[in-house]
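Engineer: Input start-v9.cif, format and content: mmCIF, C-alpha atoms.
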data_final
#
loop_
_atom_site.label_atom_id
_atom_site.label_comp_id
_atom_site.auth_asym_id
_atom_site.auth_seq_id
_atom_site.Cartn_x
_atom_site.Cartn_y
_atom_site.Cartn_z
CA MET A 1 0.00 0.00 0.00
CA PHE A 2 2.88 2.37 0.70
CA SER A 3 5.87 3.38 -1.30
CA GLY A 4 8.90 1.43 -0.13
CA GLN A 5 6.83 -1.07 1.79
CA GLY A 6 8.88 -3.76 3.46
CA HIS A 7 12.17 -1.89 3.27
CA ASN A 8 13.83 -2.82 6.57
CA GLY A 9 10.41 -2.71 8.22
CA THR A 10 10.45 1.10 8.16
CA VAL A 11 7.03 1.53 6.59
CA THR A 12 5.45 -1.01 8.92
CA ARG A 13 6.75 0.95 11.90
CA ASP A 14 5.59 4.22 10.34
CA GLY A 15 2.19 2.69 9.69
CA ARG A 16 1.79 1.66 13.30
CA LEU A 17 2.80 5.10 14.55
CA LEU A 18 0.42 6.81 12.17
CA SER A 19 -2.40 4.46 13.18
CA LEU A 20 -1.75 5.33 16.83
CA TYR A 21 -1.74 9.04 15.99
CA MET A 22 -5.04 8.82 14.10
CA GLY A 23 -6.50 6.80 16.95
CA LEU A 24 -5.52 9.29 19.65
CA THR A 25 -6.47 12.45 17.77
CA THR A 26 -9.91 11.04 16.93
CA SER A 27 -10.54 9.37 20.29
CA VAL A 28 -10.78 12.76 22.03
CA THR A 29 -14.07 13.38 20.26
CA GLY A 30 -15.42 10.46 22.30
CA PHE A 31 -15.74 12.84 25.25
CA LEU A 32 -15.72 16.24 23.52
CA GLN A 33 -18.53 15.65 21.04
CA PRO A 34 -21.27 14.57 23.46
CA PHE A 35 -20.24 16.44 26.60
CA VAL A 36 -18.97 19.90 25.63
CA PRO A 37 -22.52 21.04 24.67
CA ILE A 38 -24.02 19.40 27.77
CA TYR A 39 -21.36 20.91 30.03
CA LEU A 40 -22.06 24.36 28.60
CA LEU A 41 -25.80 23.86 29.10
CA GLU A 42 -25.28 22.76 32.70
CA SER A 43 -23.07 25.84 33.20
CA GLY A 44 -26.02 28.10 32.43
CA LEU A 45 -25.48 28.92 28.74
CA THR A 46 -28.45 29.10 26.37
CA LYS A 47 -28.57 27.11 23.12
CA SER A 48 -27.77 30.28 21.19
CA GLN A 49 -24.72 30.88 23.37
CA ILE A 50 -23.65 27.25 22.99
CA GLY A 51 -23.85 27.62 19.22
CA LEU A 52 -21.92 30.89 19.39
CA VAL A 53 -19.18 29.32 21.53
CA ALA A 54 -18.76 26.52 18.99
CA GLY A 55 -18.88 29.02 16.12
CA VAL A 56 -16.21 31.36 17.48
CA GLY A 57 -13.95 28.38 18.06
CA ALA A 58 -14.23 27.51 14.39
CA LEU A 59 -13.83 31.13 13.27
CA MET A 60 -10.42 31.25 14.90
CA ALA A 61 -9.29 28.65 12.37
CA PHE A 62 -9.80 31.18 9.54
CA VAL A 63 -6.58 32.81 10.66
CA VAL A 64 -4.64 29.97 12.25
CA GLN A 65 -5.18 27.03 9.87
CA PRO A 66 -3.84 28.67 6.68
CA ILE A 67 -0.83 30.03 8.55
CA LEU A 68 0.00 26.63 10.01
CA GLY A 69 -0.48 24.99 6.60
CA ARG A 70 1.85 27.42 4.85
CA LEU A 71 4.49 27.22 7.58
CA SER A 72 4.49 23.42 7.59
CA ASP A 73 4.82 23.43 3.76
CA ARG A 74 7.61 26.01 3.82
CA TYR A 75 9.71 24.22 6.46
CA ASP A 76 8.42 20.74 5.52
CA VAL A 77 7.87 19.74 9.17
CA ARG A 78 4.76 18.95 11.18
CA ARG A 79 5.94 17.41 14.45
CA PRO A 80 6.56 20.68 16.36
CA PHE A 81 3.15 22.03 15.31
CA VAL A 82 1.42 18.82 16.41
CA ALA A 83 3.15 18.87 19.81
CA GLY A 84 2.31 22.54 20.37
CA MET A 85 -1.34 22.19 19.39
CA ALA A 86 -1.72 19.10 21.58
CA LEU A 87 -0.53 21.03 24.63
CA VAL A 88 -2.85 23.94 23.80
CA ALA A 89 -5.84 21.57 23.55
CA ALA A 90 -4.96 19.82 26.81
CA LEU A 91 -4.77 23.06 28.77
CA ALA A 92 -7.95 24.43 27.18
CA TYR A 93 -10.16 21.49 28.12
CA LEU A 94 -8.52 20.80 31.50
CA SER A 95 -9.55 24.34 32.44
CA PHE A 96 -13.29 23.60 32.09
CA PRO A 97 -13.98 22.85 35.79
CA PHE A 98 -12.56 26.27 36.72
CA LEU A 99 -14.51 28.36 34.20
CA HIS A 100 -17.72 30.37 34.57
CA GLY A 101 -19.67 32.40 32.02
CA ALA A 102 -19.90 32.38 28.24
CA PRO A 103 -16.75 34.49 27.53
CA ALA A 104 -14.45 32.14 29.46
CA PHE A 105 -15.86 29.06 27.76
CA LEU A 106 -15.71 30.82 24.40
CA LEU A 107 -11.94 31.32 24.74
CA ALA A 108 -11.29 27.77 25.98
CA VAL A 109 -13.36 26.14 23.24
CA ALA A 110 -11.83 28.41 20.58
CA LEU A 111 -8.34 27.29 21.54
CA GLY A 112 -9.19 23.64 22.10
CA SER A 113 -11.29 23.06 19.01
CA ASN A 114 -8.86 24.87 16.73
CA ALA A 115 -5.92 22.85 18.03
CA THR A 116 -7.87 19.62 17.60
CA LEU A 117 -8.87 20.57 14.05
CA TYR A 118 -5.23 21.12 13.11
CA MET A 119 -4.07 17.81 14.58
CA GLN A 120 -6.77 15.88 12.74
CA GLY A 121 -6.00 17.68 9.47
CA VAL A 122 -2.33 16.78 9.73
CA GLY A 123 -3.34 13.12 9.51
CA GLY A 124 -4.46 13.66 5.91
CA VAL A 125 -1.16 15.32 5.01
CA LEU A 126 0.95 12.54 6.55
CA VAL A 127 -1.06 9.83 4.82
CA GLY A 128 -0.69 11.67 1.52
CA ARG A 129 3.08 11.59 2.00
CA LEU A 130 3.15 7.82 2.53
CA ALA A 131 0.47 6.64 0.08
CA LEU A 132 1.21 5.35 -3.39
CA LYS A 133 -0.26 7.37 -6.23
CA GLY A 134 -3.87 6.34 -6.87
CA GLN A 135 -4.31 4.71 -3.46
CA GLY A 136 -4.87 7.79 -1.30
CA GLY A 137 -8.48 6.97 -0.46
CA ALA A 138 -7.81 3.42 0.66
CA THR A 139 -4.69 4.43 2.56
CA TYR A 140 -6.38 7.24 4.51
CA ALA A 141 -9.37 5.04 5.33
CA ALA A 142 -7.12 2.22 6.55
CA TYR A 143 -5.55 4.55 9.09
CA ARG A 144 -8.60 6.64 9.95
CA VAL A 145 -10.60 3.54 10.94
CA TRP A 146 -8.37 3.24 14.03
CA GLY A 147 -9.71 6.61 15.12
CA SER A 148 -13.24 5.22 15.09
CA ILE A 149 -12.17 2.23 17.15
CA ALA A 150 -10.44 4.46 19.71
CA TYR A 151 -13.53 6.68 19.87
CA ILE A 152 -15.63 3.66 20.89
CA PHE A 153 -13.36 2.84 23.81
CA VAL A 154 -13.29 6.44 25.06
CA ALA A 155 -17.08 6.84 24.79
CA LEU A 156 -17.70 3.62 26.72
CA ALA A 157 -15.17 4.60 29.38
CA VAL A 158 -16.86 7.96 29.89
CA GLY A 159 -20.24 6.25 30.15
CA LEU A 160 -18.93 3.97 32.89
CA ILE A 161 -17.50 6.98 34.72
CA LEU A 162 -20.88 8.73 34.67
CA LYS A 163 -22.82 5.57 35.64
CA PRO A 164 -26.26 4.66 34.21
CA GLU A 165 -28.24 7.68 35.40
CA GLY A 166 -25.43 10.25 35.23
CA GLY A 167 -25.08 13.29 33.01
CA HIS A 168 -27.11 15.95 34.83
CA GLY A 169 -25.33 18.68 36.76
CA ARG A 170 -21.91 20.24 36.32
CA ASN A 171 -20.14 18.47 39.19
CA PRO A 172 -20.58 14.91 37.86
CA LEU A 173 -19.26 16.08 34.48
CA ASN A 174 -16.11 17.66 35.93
CA LEU A 175 -14.41 14.26 36.07
CA VAL A 176 -14.80 13.93 32.31
CA PHE A 177 -12.77 17.10 31.74
CA GLU A 178 -10.24 16.28 34.45
CA THR A 179 -9.28 13.01 32.75
CA GLY A 180 -10.24 13.09 29.05
CA PRO A 181 -7.86 15.91 28.00
CA LEU A 182 -4.90 13.84 29.22
CA ILE A 183 -5.14 12.07 25.85
CA PHE A 184 -3.77 15.23 24.27
CA LEU A 185 -0.62 14.86 26.37
CA GLY A 186 -0.16 11.45 24.76
CA VAL A 187 -0.41 13.07 21.33
CA ALA A 188 2.22 15.65 22.31
CA ALA A 189 4.60 12.86 23.35
CA LEU A 190 3.90 10.83 20.20
CA ALA A 191 4.67 13.80 17.94
CA TYR A 192 8.43 13.21 18.33
CA TRP A 193 8.16 9.83 16.56
CA LEU A 194 5.59 10.70 13.90
CA PRO A 195 6.48 9.58 10.35
CA ASP A 196 6.87 12.83 8.42
CA PRO A 197 9.05 12.06 5.36
CA ARG A 198 10.64 14.97 3.58
CA ARG A 199 9.42 15.78 0.10
CA PRO A 200 11.67 14.58 -2.75
CA VAL A 201 14.53 16.93 -3.60
CA THR A 202 13.97 18.34 -7.10
CA SER A 203 15.04 21.34 -9.09
CA ASP A 204 11.74 22.93 -8.04
CA ASP A 205 13.11 23.22 -4.50
CA GLU A 206 15.48 25.90 -5.75
CA GLU A 207 12.49 28.02 -6.73
CA PRO A 208 10.18 29.92 -4.37
CA PRO A 209 7.37 27.75 -2.96
CA LYS A 210 4.46 27.49 -5.39
CA LYS A 211 1.18 29.06 -4.48
CA ALA A 212 -1.54 26.46 -4.15
CA HIS A 213 -3.87 26.74 -7.14
CA ILE A 214 -7.51 25.93 -6.41
CA ARG A 215 -9.17 24.64 -9.56
CA PRO A 216 -12.78 25.62 -10.35
CA ASN A 217 -14.11 22.13 -9.67
CA LEU A 218 -12.36 22.07 -6.30
CA ARG A 219 -13.87 25.48 -5.49
CA ARG A 220 -17.33 24.11 -6.27
CA PHE A 221 -16.68 21.04 -4.14
CA LEU A 222 -15.51 23.17 -1.22
CA ALA A 223 -18.64 25.34 -1.50
CA VAL A 224 -20.91 22.27 -1.44
CA ASP A 225 -18.88 20.77 1.37
CA PHE A 226 -19.51 23.98 3.32
CA LEU A 227 -23.30 23.54 3.09
CA TYR A 228 -23.00 19.86 3.89
CA ILE A 229 -21.03 20.53 7.08
CA VAL A 230 -23.26 23.44 8.12
CA SER A 231 -26.29 21.16 8.01
CA LEU A 232 -24.69 18.03 9.45
CA TYR A 233 -22.48 19.41 12.21
CA GLY A 234 -24.65 22.41 12.99
CA ALA A 235 -27.33 19.91 13.97
CA THR A 236 -24.86 17.39 15.42
CA ASN A 237 -23.70 20.00 17.96
CA PHE A 238 -27.10 19.64 19.67
CA ILE A 239 -27.73 15.90 19.36
CA SER A 240 -26.54 15.10 22.89
CA ILE A 241 -28.80 17.87 24.24
CA PHE A 242 -31.64 16.46 22.12
CA MET A 243 -30.95 13.03 23.63
CA MET A 244 -31.57 14.56 27.06
CA HIS A 245 -34.73 16.18 25.65
CA VAL A 246 -36.19 12.76 24.72
CA GLY A 247 -35.22 11.16 28.04
CA GLY A 248 -31.68 9.85 27.52
CA ARG A 249 -29.38 9.61 30.55
CA GLY A 250 -25.98 8.12 31.47
CA LEU A 251 -24.81 5.67 28.82
CA PHE A 252 -27.37 7.04 26.38
CA LEU A 253 -25.57 10.40 26.58
CA SER A 254 -22.05 8.98 26.42
CA CYS A 255 -22.91 6.57 23.62
CA VAL A 256 -25.31 8.75 21.63
CA PHE A 257 -22.73 8.97 18.82
CA LEU A 258 -21.53 5.39 19.19
CA PRO A 259 -23.83 3.71 16.60
CA GLY A 260 -22.62 6.20 14.02
CA VAL A 261 -18.98 5.62 14.91
CA ILE A 262 -19.38 1.84 14.66
CA THR A 263 -20.99 2.01 11.22
CA GLU A 264 -18.51 4.73 10.27
CA SER A 265 -15.58 2.42 11.00
CA LEU A 266 -17.12 -0.29 8.82
CA VAL A 267 -18.02 2.01 5.93
CA MET A 268 -14.79 4.01 5.98
CA ARG A 269 -12.72 0.87 5.63
CA PHE A 270 -14.19 0.34 2.15
CA SER A 271 -15.29 3.80 1.00
CA GLY A 272 -11.74 4.98 0.36
CA ALA A 273 -10.86 1.89 -1.68
CA PHE A 274 -14.10 2.10 -3.65
CA SER A 275 -13.39 5.76 -4.46
CA ASP A 276 -9.90 4.81 -5.66
CA ARG A 277 -11.44 2.29 -8.05
CA TYR A 278 -14.73 3.88 -9.14
CA GLY A 279 -14.05 7.59 -8.55
CA ARG A 280 -14.63 9.99 -5.67
CA ARG A 281 -17.89 11.45 -7.01
CA PRO A 282 -20.08 8.30 -7.10
CA VAL A 283 -19.13 7.39 -3.53
CA LEU A 284 -19.67 10.92 -2.21
CA ALA A 285 -23.08 11.00 -3.93
CA ILE A 286 -24.36 8.30 -1.55
CA SER A 287 -23.51 10.42 1.47
CA TYR A 288 -25.04 13.60 0.05
CA PHE A 289 -28.28 11.87 -0.96
CA LEU A 290 -28.79 10.25 2.47
CA LEU A 291 -28.17 13.25 4.74
CA PRO A 292 -31.49 15.17 4.31
CA PHE A 293 -33.53 12.05 5.14
CA ARG A 294 -31.41 11.26 8.18
CA LEU A 295 -31.81 14.77 9.61
CA LEU A 296 -35.59 14.57 9.17
CA MET A 297 -35.60 11.38 11.24
CA TYR A 298 -34.34 13.32 14.28
CA SER A 299 -37.15 15.86 13.96
CA VAL A 300 -39.78 13.16 14.60
CA ALA A 301 -37.83 11.13 17.21
CA MET A 302 -39.89 10.18 20.26
CA ASN A 303 -37.38 8.33 22.47
CA PRO A 304 -33.62 7.70 22.92
CA TRP A 305 -33.66 4.53 20.82
CA TRP A 306 -35.03 6.46 17.84
CA VAL A 307 -32.13 8.90 18.12
CA LEU A 308 -29.63 6.03 18.23
CA GLY A 309 -31.21 4.52 15.12
CA ALA A 310 -30.90 7.77 13.17
CA GLN A 311 -27.36 8.22 14.45
CA SER A 312 -26.35 4.80 13.07
CA LEU A 313 -26.73 6.29 9.58
CA HIS A 314 -23.83 8.60 10.34
CA GLY A 315 -21.58 5.84 9.05
CA LEU A 316 -22.82 6.58 5.54
CA ASN A 317 -22.18 10.29 6.06
CA PHE A 318 -18.82 10.79 7.77
CA GLY A 319 -17.77 7.22 6.99
CA ILE A 320 -17.67 8.33 3.36
CA VAL A 321 -16.99 12.06 3.49
CA GLY A 322 -14.39 11.74 6.25
CA ALA A 323 -12.10 9.70 4.00
CA VAL A 324 -13.11 10.61 0.46
CA ALA A 325 -13.11 14.41 0.88
CA ILE A 326 -9.47 14.20 2.01
CA ALA A 327 -8.64 12.09 -1.05
CA PHE A 328 -10.63 14.46 -3.31
CA VAL A 329 -8.35 17.31 -2.27
CA ASN A 330 -5.15 15.25 -2.36
CA ASP A 331 -5.93 14.26 -5.97
CA GLN A 332 -5.32 17.88 -6.98
CA ALA A 333 -2.19 18.49 -4.91
CA ASP A 334 1.52 17.70 -5.08
CA TYR A 335 4.30 17.61 -2.49
CA HIS A 336 4.56 21.40 -2.53
CA THR A 337 0.87 22.21 -2.15
CA ARG A 338 -0.74 19.32 -0.25
CA GLY A 339 -0.49 21.04 3.12
CA ALA A 340 -1.89 24.31 1.76
CA LEU A 341 -4.82 22.63 -0.02
CA GLN A 342 -5.65 20.52 3.01
CA ALA A 343 -5.57 23.76 4.99
CA GLN A 344 -8.19 25.10 2.57
CA LEU A 345 -10.38 22.10 3.36
CA SER A 346 -9.82 22.75 7.05
CA LEU A 347 -10.73 26.38 6.43
CA VAL A 348 -14.05 25.38 4.88
CA THR A 349 -14.64 23.02 7.78
CA ALA A 350 -13.92 25.90 10.16
CA ALA A 351 -16.26 28.30 8.34
CA ALA A 352 -19.05 25.74 8.34
CA GLY A 353 -18.27 24.86 11.94
CA ALA A 354 -18.69 28.52 12.83
CA THR A 355 -21.87 29.08 10.84
CA GLY A 356 -23.68 25.81 11.55
CA PRO A 357 -23.80 25.75 15.36
CA ALA A 358 -24.53 29.48 15.63
CA LEU A 359 -27.37 29.28 13.10
CA MET A 360 -28.84 26.07 14.51
CA GLY A 361 -28.57 27.38 18.08
CA LEU A 362 -30.62 30.44 17.21
CA ILE A 363 -33.26 28.30 15.51
CA ALA A 364 -33.35 25.84 18.42
CA ASP A 365 -33.84 28.63 20.97
CA ARG A 366 -36.59 30.28 18.96
CA TYR A 367 -38.45 27.34 17.40
CA GLY A 368 -37.26 24.22 19.22
CA LEU A 369 -34.92 21.34 18.42
CA PRO A 370 -37.25 19.46 15.99
CA ALA A 371 -37.58 22.58 13.80
CA MET A 372 -33.80 22.97 13.88
CA PHE A 373 -33.37 19.48 12.39
CA GLN A 374 -35.90 20.33 9.66
CA VAL A 375 -33.96 23.46 8.66
CA ALA A 376 -30.74 21.45 8.62
CA ALA A 377 -32.40 18.87 6.36
CA ALA A 378 -33.44 21.62 3.93
CA LEU A 379 -29.86 22.93 3.73
CA ALA A 380 -28.58 19.39 3.15
CA ALA A 381 -31.07 18.98 0.30
CA VAL A 382 -29.74 22.16 -1.35
CA ALA A 383 -26.16 20.85 -1.01
CA THR A 384 -27.19 17.56 -2.59
CA ILE A 385 -28.78 19.23 -5.62
CA ILE A 386 -25.73 21.45 -6.21
CA PHE A 387 -23.38 18.48 -5.84
CA PHE A 388 -25.20 16.41 -8.45
CA LEU A 389 -25.47 19.30 -10.91
CA PHE A 390 -22.12 21.08 -10.64
CA VAL A 391 -19.38 18.97 -9.01
CA ASN A 392 -17.31 16.77 -11.33
CA GLU A 393 -14.79 14.03 -10.60
CA SER A 394 -11.78 15.11 -8.54
CA SER A 395 -9.13 14.57 -11.19
CA GLU A 396 -8.78 13.68 -14.83
CA ARG A 397 -6.43 10.94 -13.65
CA ARG A 398 -9.38 9.10 -12.07
CA LEU A 399 -9.90 6.49 -14.79
CA PRO A 400 -12.93 4.23 -15.41
CA VAL A 401 -12.69 0.94 -13.60
CA HIS A 402 -11.81 -1.13 -16.68
CA GLU A 403 -8.78 1.05 -17.34
CA HIS A 404 -7.37 0.18 -13.92
CA ASP A 405 -7.60 -3.55 -14.54
#
Have the structure of the file written as structure tokens, please.
Structural biologist:
Amino acid sequence: MFSGQGHNGTVTRDGRLLSLYMGLTTSVTGFLQPFVPIYLLESGLTKSQIGLVAGVGALMAFVVQPILGRLSDRYDVRRPFVAGMALVAALAYLSFPFLHGAPAFLLAVALGSNATLYMQGVGGVLVGRLALKGQGGATYAAYRVWGSIAYIFVALAVGLILKPEGGHGRNPLNLVFETGPLIFLGVAALAYWLPDPRRPVTSDDEEPPKKAHIRPNLRRFLAVDFLYIVSLYGATNFISIFMMHVGGRGLFLSCVFLPGVITESLVMRFSGAFSDRYGRRPVLAISYFLLPFRLLMYSVAMNPWWVLGAQSLHGLNFGIVGAVAIAFVNDQADYHTRGALQAQLSLVTAAAGATGPALMGLIADRYGLPAMFQVAAALAAVATIIFFLFVNESSERRLPVHEHD
């Protein structure tokens, strides 16, 4: 799967280290995703404020992510940035039990979420460095699946900490943020050993670094991806609160995202390989078509089990987009521009992450959570129509299946 595979066992060792990195950087969402919104709610913030806190955290990435991408491309290193961001995230989330009021939480979440976004984006760059040409989707999925597995263990551990009926009140949740962020310290330590091969030395290295060119089709894809993320993750930010609304407690809260992560790990393992063989667009189309229907299911949910059933479909959303969108961008990059183009994808994710929660929080406060899911479904439907009409395959090098045989 990798260039140079089997040479003195180097690639096998690199693969294991990268798998561990992807596992750790994704596992943190096992406690952040369900419990940051609940913790903010239990700290007295309204749904609008919770959405604003999440949005400002993403807005910070507008400035930071492109700078980090350009610096890592210019100096061709990522380890120091990973270590620094891991320490920032650890301190930000460990501070939760000591914070009061929306401004304090806004700053902590802004720092923590932005650092986490960078660390997860670096995974796509490192995989792109190790993958053979034409196998980027399968390679990324093979590593990213370990993140889903690690997420499951963290979510279950948090559920056991909270006990069956836990999840209400700030004090019981403090333990989650006194222990969970320690995972970031593990990432900081691991950064020293991360596989980060230098780009090949060519005559181009004597020239100034090339500016990353964003092709029209990639611009259209990024615009559609923006709407997709606004609808999906704007609504997702309130799913754990919605689980409380329909009567979920304890393990229901901790494991509300677990069905989606389990199906995600199964789907992601094959979605990248399928996109390598059949093209990125047909595989992404499945995810875009499904999302509006899934969001509508939440709006009519009557009990916790219904929410878990709808959440299980997440595997066909992020299980596809999480791997294939990375490969879509990598198809149009080279060694000089991969970091910068992945930073553009992170920038779109940040913009959508800022817009989605803020917009959905306002709707939820004014009209209720079911109406919020209906608005999100409408936005997802618009994204789906635009995707089918205007987004083409990621690269002219993506050949029909018979030409690969």
Engineer: Here is a test: counting only C-alpha atoms, which residue of A:Pro97, A:Pro195, A:Gly322, A:Gly30 is nearest to Leu18 of chain A?
Structural biologist: A:Pro195
Engineer: Write out as JSON lines a residue-level contact list of segment 207-284 of chain A versus segment 368-375 of chain A with cut-off 9 Å: for each qualifying residue the closest pair of atoms and the distance in Å to one decimal, counting all atoms listed in the file, rows sorted by chain and residue number upward.
Structural biologist:
{"residue": "A:Ser231", "atom": "CA", "partner": "A:Val375", "partner_atom": "CA", "distance": 8.0}
{"residue": "A:Ala235", "atom": "CA", "partner": "A:Phe373", "partner_atom": "CA", "distance": 6.3}
{"residue": "A:Phe238", "atom": "CA", "partner": "A:Leu369", "partner_atom": "CA", "distance": 8.1}
{"residue": "A:Phe242", "atom": "CA", "partner": "A:Leu369", "partner_atom": "CA", "distance": 6.9}
{"residue": "A:His245", "atom": "CA", "partner": "A:Leu369", "partner_atom": "CA", "distance": 8.9}
Engineer: The selected residues should be written to file as a short mmCIF file (atom, residue, chain, number, x, y, z; two decimals), in the coordinates of the input (atoms: C-alpha atoms).
Structural biologist:
data_model
loop_
_atom_site.label_atom_id
_atom_site.label_comp_id
_atom_site.auth_asym_id
_atom_site.auth_seq_id
_atom_site.Cartn_x
_atom_site.Cartn_y
_atom_site.Cartn_z
CA SER A 231 -26.29 21.16 8.01
CA ALA A 235 -27.33 19.91 13.97
CA PHE A 238 -27.10 19.64 19.67
CA PHE A 242 -31.64 16.46 22.12
CA HIS A 245 -34.73 16.18 25.65
#
Engineer: Within 12 Å of (-26.7, 16.2, 29.5), all atoms listed in the file: residues as a PDB file with C-alpha atoms, in the frame of the given file?
Structural biologist:
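Written out: result_33.pdb:
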ATOM      1  CA  GLN A  33     -18.530  15.650  21.040  1.00  0.00           C
ATOM      2  CA  PRO A  34     -21.270  14.570  23.460  1.00  0.00           C
ATOM      3  CA  PHE A  35     -20.240  16.440  26.600  1.00  0.00           C
ATOM      4  CA  VAL A  36     -18.970  19.900  25.630  1.00  0.00           C
ATOM      5  CA  PRO A  37     -22.520  21.040  24.670  1.00  0.00           C
ATOM      6  CA  ILE A  38     -24.020  19.400  27.770  1.00  0.00           C
ATOM      7  CA  TYR A  39     -21.360  20.910  30.030  1.00  0.00           C
ATOM      8  CA  LEU A  40     -22.060  24.360  28.600  1.00  0.00           C
ATOM      9  CA  LEU A  41     -25.800  23.860  29.100  1.00  0.00           C
ATOM     10  CA  GLU A  42     -25.280  22.760  32.700  1.00  0.00           C
ATOM     11  CA  SER A  43     -23.070  25.840  33.200  1.00  0.00           C
ATOM     12  CA  GLY A 159     -20.240   6.250  30.150  1.00  0.00           C
ATOM     13  CA  LEU A 162     -20.880   8.730  34.670  1.00  0.00           C
ATOM     14  CA  GLU A 165     -28.240   7.680  35.400  1.00  0.00           C
ATOM     15  CA  GLY A 166     -25.430  10.250  35.230  1.00  0.00           C
ATOM     16  CA  GLY A 167     -25.080  13.290  33.010  1.00  0.00           C
ATOM     17  CA  HIS A 168     -27.110  15.950  34.830  1.00  0.00           C
ATOM     18  CA  GLY A 169     -25.330  18.680  36.760  1.00  0.00           C
ATOM     19  CA  ARG A 170     -21.910  20.240  36.320  1.00  0.00           C
ATOM     20  CA  ASN A 171     -20.140  18.470  39.190  1.00  0.00           C
ATOM     21  CA  PRO A 172     -20.580  14.910  37.860  1.00  0.00           C
ATOM     22  CA  LEU A 173     -19.260  16.080  34.480  1.00  0.00           C
ATOM     23  CA  PHE A 238     -27.100  19.640  19.670  1.00  0.00           C
ATOM     24  CA  ILE A 239     -27.730  15.900  19.360  1.00  0.00           C
ATOM     25  CA  SER A 240     -26.540  15.100  22.890  1.00  0.00           C
ATOM     26  CA  ILE A 241     -28.800  17.870  24.240  1.00  0.00           C
ATOM     27  CA  PHE A 242     -31.640  16.460  22.120  1.00  0.00           C
ATOM     28  CA  MET A 243     -30.950  13.030  23.630  1.00  0.00           C
ATOM     29  CA  MET A 244     -31.570  14.560  27.060  1.00  0.00           C
ATOM     30  CA  HIS A 245     -34.730  16.180  25.650  1.00  0.00           C
ATOM     31  CA  VAL A 246     -36.190  12.760  24.720  1.00  0.00           C
ATOM     32  CA  GLY A 247     -35.220  11.160  28.040  1.00  0.00           C
ATOM     33  CA  GLY A 248     -31.680   9.850  27.520  1.00  0.00           C
ATOM     34  CA  ARG A 249     -29.380   9.610  30.550  1.00  0.00           C
ATOM     35  CA  GLY A 250     -25.980   8.120  31.470  1.00  0.00           C
ATOM     36  CA  LEU A 251     -24.810   5.670  28.820  1.00  0.00           C
ATOM     37  CA  PHE A 252     -27.370   7.040  26.380  1.00  0.00           C
ATOM     38  CA  LEU A 253     -25.570  10.400  26.580  1.00  0.00           C
ATOM     39  CA  SER A 254     -22.050   8.980  26.420  1.00  0.00           C
ATOM     40  CA  CYS A 255     -22.910   6.570  23.620  1.00  0.00           C
ATOM     41  CA  VAL A 256     -25.310   8.750  21.630  1.00  0.00           C
TER      42      VAL A 256
END
Engineer: Given only C-alpha atoms as the basis, pick out the residue of A:Ala115, A:Ile386, A:Ala285, A:Leu232 nearest to Ala89 of chain A.
Structural biologist: A:Ala115
Engineer: Exactly which residues make up the result of the PyMOL selection byres ((chain A and resi 306) around 12) on this file, given as a VMD selection string?
Structural biologist: chain A and resid 242 to 243 246 to 248 252 256 259 294 296 to 305 307 to 313
